[in-house]
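A quick write-up on the structure given underneath.
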Amino acid sequence: MKNKILKKDSKFIWHPFTQEKSSEAPILVKKAKDEKIIDIDGNEYIDLISSWWVNTHGHCREEIIKEISDQAKSIEQVLFAGFTHEPAVNLAEKLVGLLPDKLNKVFFSDNGSTSVEIAMKVAIQYWYNKGKKKNKFMAFDGGYHGDTLGAMSVGFSSGFYEPFKEIINKNFFFNFPENWFGNNQVELSEKESIREVKNIINKEKNNIAAVIIEPLIQGAGGMRICRKEFLNKLIKIFKDSGIIVIFDEVMTGFGRTGKMFALDHLSEKPDIICLAKSLTGGYIPLAATIFNEEIHKEFVDSNFKKTFLHGHTFTANPIGCSAALASLNLFAKDRTFKNIKKIEDTHKKCLSMLSKRSTIKKIRILGSIAAFDLDEDRFKYGSKPVEDLKKKFLNKGLLLRPIGKTIYLMPPFCIKKKVLEDCYKIIEEIIN
Ligand SMILES: Cc1ncc(COP(=O)(O)O)c(C=O)c1O
């Protein structure tokens, strides 16, 4: 049975981020519960990356499943132009209530990349509606905002982008002053980054629609962290220059950084925020881009040309909205932020021990996210050493996907301290 399914998989399916020539057959998953994924042979894997950073409260939670099932029985999908429904209205109200006052208009879509495209298109049209032509963006080097063409134009310039270089809009990038425990050079690189930003603004201010930022931590760019003091200073510069500030919280949203959103760590707030991944607890694809009133108001006009003519077929899918409401309700029931604090403390304790016994570098921790680098350059993205390492982790029951030489952990919040400690023991065994 297993072989039959895998044979068909190989015949009919094209998997993401996968080179079929060199990769092994995928793991055939049978079920999942809490932090565990179980394959058809009964092997268990601890989902230390929350299945690409989406799963918040653990797999197959009854509370979320019940809402999904109840919702599917009443209305499973309806178009969202000229129609609305209670799950979308309730979810929008809930999200606005969690965000700073001015972020109060919600545009739904279905994944992180679309939430970013919407933010970018709205930023350009905002200026257009005001009679200005501003269609360039600023972004950090090493950022990642999705795989659609607009999102790629503000993402990191890795090898992924090579074939599309010619057709991707050219934007302006500045250095990300990464920080880690024991880094005493960070202020220098922060100054350099601010100097670069000011230079770009001086030259290009009239062309720049917005800046897009993964606040406090870059995900796919290698789990790199910057200091909040720096980010506050930087955002103020953009705001003082009249540049729209977009926070891409597709990864950082919903508790990952120890607060509901990364913006809750900061005194300076964005004009637009992009949310997806954990919005539904990781159960149904759904995204939301949320705007401040000032921006939205430029689209409300008797001139039809000022309308935001954009929409996705599954915008505000009722089952997705119900899953999101159920997931948000679990934060209080599970005392999720206490659990995140426990995860953070465990990361600190275990990484401190690991650093004494292994040659690891650049330890960084933010809420439930922990990362460190291996001290060897042969661990490059897509290289055999990284694939071998991934396989060794899997063979010992850990789902980890190193980003080049960076190993990171971002478990579901239900993981118990002892389970996480045991995972670190296995990591230590393997990397040593
Ligand atoms: C910060 C950030 N933005 C956007 C995206 C794109 O999201 P999706 O893969 O759902 O399109 C990702 C995905 O990893 C992300 O980490």
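By convention here, the chains of the structure tokens are called A, B, ... in the order presented, each chain's residues are numbered starting at 1, and ligands are numbered starting at 1 in the order presented.
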
TODO: Determine, counting only C-alpha atoms, which protein, DNA and RNA residues have an atom within 12 Å of an atom of A:Lys259; residues of the same chain fewer than 2 positions away are not included. Present the result as a list in words.
DONE: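 The filter keeps Leu98, Leu99, Leu216, Glu249, Thr252, Gly253, Phe254, Gly255, Arg256, Thr257, Phe261, Ala262, Leu263, Asp264, His265, Leu266, Phe331, Thr336, Phe337, Lys338, Asn339, Ile340, Lys341, Glu344, Leu366, Gly367, Ser368 and Ile369 of chain A.
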
Please, could you write that set of residues out with C-alpha atoms as a PDB file, in the first residue's frame?
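Saved file out.pdb follows:
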```pdb
ATOM      1  CA  LEU A  98      -5.752  42.717  18.830  1.00  0.00           C
ATOM      2  CA  LEU A  99      -3.933  45.328  16.729  1.00  0.00           C
ATOM      3  CA  LEU A 216      12.585  41.752  14.506  1.00  0.00           C
ATOM      4  CA  GLU A 249       4.144  39.333  10.073  1.00  0.00           C
ATOM      5  CA  THR A 252       6.021  36.391  13.331  1.00  0.00           C
ATOM      6  CA  GLY A 253       2.267  36.740  13.898  1.00  0.00           C
ATOM      7  CA  PHE A 254       0.252  34.864  16.507  1.00  0.00           C
ATOM      8  CA  GLY A 255       2.677  34.399  19.350  1.00  0.00           C
ATOM      9  CA  ARG A 256       5.873  33.234  17.658  1.00  0.00           C
ATOM     10  CA  THR A 257       7.991  36.053  19.108  1.00  0.00           C
ATOM     11  CA  PHE A 261       2.541  40.198  17.051  1.00  0.00           C
ATOM     12  CA  ALA A 262       6.155  41.323  16.687  1.00  0.00           C
ATOM     13  CA  LEU A 263       4.841  44.910  16.549  1.00  0.00           C
ATOM     14  CA  ASP A 264       3.826  44.511  20.203  1.00  0.00           C
ATOM     15  CA  HIS A 265       7.543  44.667  21.080  1.00  0.00           C
ATOM     16  CA  LEU A 266       7.884  48.048  19.344  1.00  0.00           C
ATOM     17  CA  PHE A 331      -4.763  31.374  23.404  1.00  0.00           C
ATOM     18  CA  THR A 336      -0.493  29.974  25.393  1.00  0.00           C
ATOM     19  CA  PHE A 337       1.792  32.868  26.316  1.00  0.00           C
ATOM     20  CA  LYS A 338       2.866  31.028  29.490  1.00  0.00           C
ATOM     21  CA  ASN A 339       3.729  28.024  27.337  1.00  0.00           C
ATOM     22  CA  ILE A 340       5.687  30.207  24.914  1.00  0.00           C
ATOM     23  CA  LYS A 341       7.669  31.621  27.849  1.00  0.00           C
ATOM     24  CA  GLU A 344      11.823  30.352  25.384  1.00  0.00           C
ATOM     25  CA  LEU A 366      13.004  35.273  20.314  1.00  0.00           C
ATOM     26  CA  GLY A 367       9.917  33.838  22.008  1.00  0.00           C
ATOM     27  CA  SER A 368       9.359  30.328  20.681  1.00  0.00           C
ATOM     28  CA  ILE A 369      12.009  30.704  17.961  1.00  0.00           C
TER      29      ILE A 369
END
```

Open item on the list: As a quick test: using only C-alpha atoms and all ligand atoms, which residues lie no more than 7 Å away from ligand 1? Give them as number ranges by chain.
Closed with: A: 111-114, 116, 144-147, 214, 218-220, 248-251, 276-277

Task: Non-local contacts of A:Ala323 (8 Å; only C-alpha atoms; under 6 positions in same chain excluded) as a ChimeraX atom specification - done: /A:64-65,67-68,280-281,283-284

Write out, as a tab-separated table (two decimals), in the first residue's frame, the residues just selected, with N, CA and C atoms.
```tsv
chain	number	residue	atom	x	y	z
A	64	ILE	N	-10.53	23.14	17.28
A	64	ILE	CA	-10.49	23.75	15.94
A	64	ILE	C	-11.24	22.85	14.95
A	65	ILE	N	-11.04	21.56	15.09
A	65	ILE	CA	-11.71	20.61	14.18
A	65	ILE	C	-13.23	20.77	14.27
A	67	GLU	N	-15.01	23.44	15.09
A	67	GLU	CA	-15.47	24.67	14.42
A	67	GLU	C	-15.45	24.49	12.90
A	68	ILE	N	-14.41	23.85	12.41
A	68	ILE	CA	-14.30	23.61	10.96
A	68	ILE	C	-15.48	22.75	10.50
A	280	THR	N	-4.92	30.62	11.12
A	280	THR	CA	-5.94	29.61	11.42
A	280	THR	C	-5.38	28.51	12.34
A	281	GLY	N	-4.27	28.78	12.99
A	281	GLY	CA	-3.62	27.76	13.80
A	281	GLY	C	-2.90	26.75	12.92
A	283	TYR	N	-4.51	25.30	10.15
A	283	TYR	CA	-5.47	24.27	9.73
A	283	TYR	C	-6.01	24.49	8.32
A	284	ILE	N	-6.23	25.76	7.93
A	284	ILE	CA	-6.83	26.08	6.63
A	284	ILE	C	-6.06	27.27	6.07
```

Open item on the list: Could you check the closest approach to A:Phe80 for each of A:Lys362, A:Arg357, A:Lys133, A:His312 and tell me which residue wins, using only C-alpha atoms?
Closed with: A:His312

Task: Top pick for closest residue to A:Ser51, considering A:Ile295, A:Ile200, A:Lys391, A:Arg401 and counting only C-alpha atoms - done: A:Arg401

Open item on the list: So the first atom is atom CA of A:Lys33 and the second is atom CA of A:Ser50; what is the distance between them in Å, to one decimal place?
Closed with: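 Computing it gives 11.8 Å between the two atoms.
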
Name the residues in contact with A:Pro270 at a cut-off of 7 Å, using only C-alpha atoms, excluding same-chain residues fewer than 6 positions from it; report them as a PDB file with N, CA and C atoms, in the first residue's frame.
```
ATOM      1  N   VAL A 245       4.781  52.215   5.878  1.00  0.00           N
ATOM      2  CA  VAL A 245       5.521  51.113   6.510  1.00  0.00           C
ATOM      3  C   VAL A 245       4.645  49.841   6.536  1.00  0.00           C
ATOM      4  N   ILE A 246       5.142  48.806   5.866  1.00  0.00           N
ATOM      5  CA  ILE A 246       4.434  47.510   5.841  1.00  0.00           C
ATOM      6  C   ILE A 246       5.193  46.531   6.731  1.00  0.00           C
ATOM      7  N   PHE A 247       4.503  45.921   7.671  1.00  0.00           N
ATOM      8  CA  PHE A 247       5.110  44.828   8.441  1.00  0.00           C
ATOM      9  C   PHE A 247       4.609  43.512   7.862  1.00  0.00           C
TER      10      PHE A 247
END
```

Open item on the list: When you look at A:Ile217 with a cut-off of 8 Å (counting only C-alpha atoms), what residues show up, excluding the ones that are within fewer than 5 positions of it in the same chain? I need them as a PyMOL selection string.
Closed with: chain A and resi 223-226+252

Open item on the list: Report, in Å to a single decimal, how far apart atom CA of A:Phe108 and atom CA of A:Glu76 are.
Closed with: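 It comes out at 15.9 Å.
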
Task: Atom-to-atom span, atom CA of A:Pro385 and atom CA of A:Gln19, Å - done: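 Separation between atom CA of A:Pro385 and atom CA of A:Gln19: 15.1 Å.
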
Open item on the list: Which residues are close to A:Glu229, i.e. within 12 Å by only C-alpha atoms, leaving aside same-chain residues fewer than 5 positions away? Reply as a ChimeraX atom specification.
Closed with: /A:177,179,186-187,190-191,215-216,234-236,265-268

Task: Polymer residues at most 8 Å from A:Asp34, only C-alpha atoms, same-chain spacing of 2 or more positions, as a list of chain:residue names - done: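 That gives A:Ala32, A:Lys36, A:His57, A:Gly58, A:His59, A:Cys60, A:Arg61, A:Pro412, A:Cys414, A:Ile415.
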
Output as JSON lines one row per residue of stretch 176-257 of chain A within 8 Å of stretch 118-126 of chain A: the closest atom pair and its distance in Å to one decimal place, counting only C-alpha atoms, sorted by chain and residue number ascending.
```
{"residue": "A:Ala209", "atom": "CA", "partner": "A:Ile124", "partner_atom": "CA", "distance": 5.8}
{"residue": "A:Ala210", "atom": "CA", "partner": "A:Ala123", "partner_atom": "CA", "distance": 6.4}
{"residue": "A:Ile244", "atom": "CA", "partner": "A:Ala123", "partner_atom": "CA", "distance": 7.1}
{"residue": "A:Ile246", "atom": "CA", "partner": "A:Ala119", "partner_atom": "CA", "distance": 7.2}
```

Open item on the list: as an MDAnalysis selection string, please: every residue in stretch 196-264 of chain A that DSSP puts in strand (DSSP E or B).
Closed with: chainID A and resid 208:213 217:218 224:225 244:248

- [ ] Please report, as a ChimeraX atom specification, each residue of stretch 160-405 of chain A to which DSSP assigns alpha helix (DSSP H) when run on this structure's backbone.
- [x] /A:186-204,228-240,293-297,318-333,336-357,384-395

Task: Proximity to A:Cys350 - best of A:Lys417, A:Lys305, A:Lys396, A:Lys380, only C-alpha atoms - done: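 Among the listed residues, A:Lys417 lies closest to A:Cys350.
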
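Taking only C-alpha atoms into account, A:Asn395 lies nearest to A:Asn43 out of the set A:Asn43, A:Ala25, A:Lys425, A:Tyr408.
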
Task: Closest of A:Glu117, A:Asp101, A:Glu178, A:Glu196 to A:Met152 - atom-to-atom distances counting only C-alpha atoms - done: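 Under the stated criterion, the closest residue is A:Glu117.
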
- [ ] Rank nothing, just name the residue among A:Lys306, A:Lys239, A:Lys165, A:Arg378 nearest to A:Val211, using only C-alpha atoms.
- [x] A:Lys239
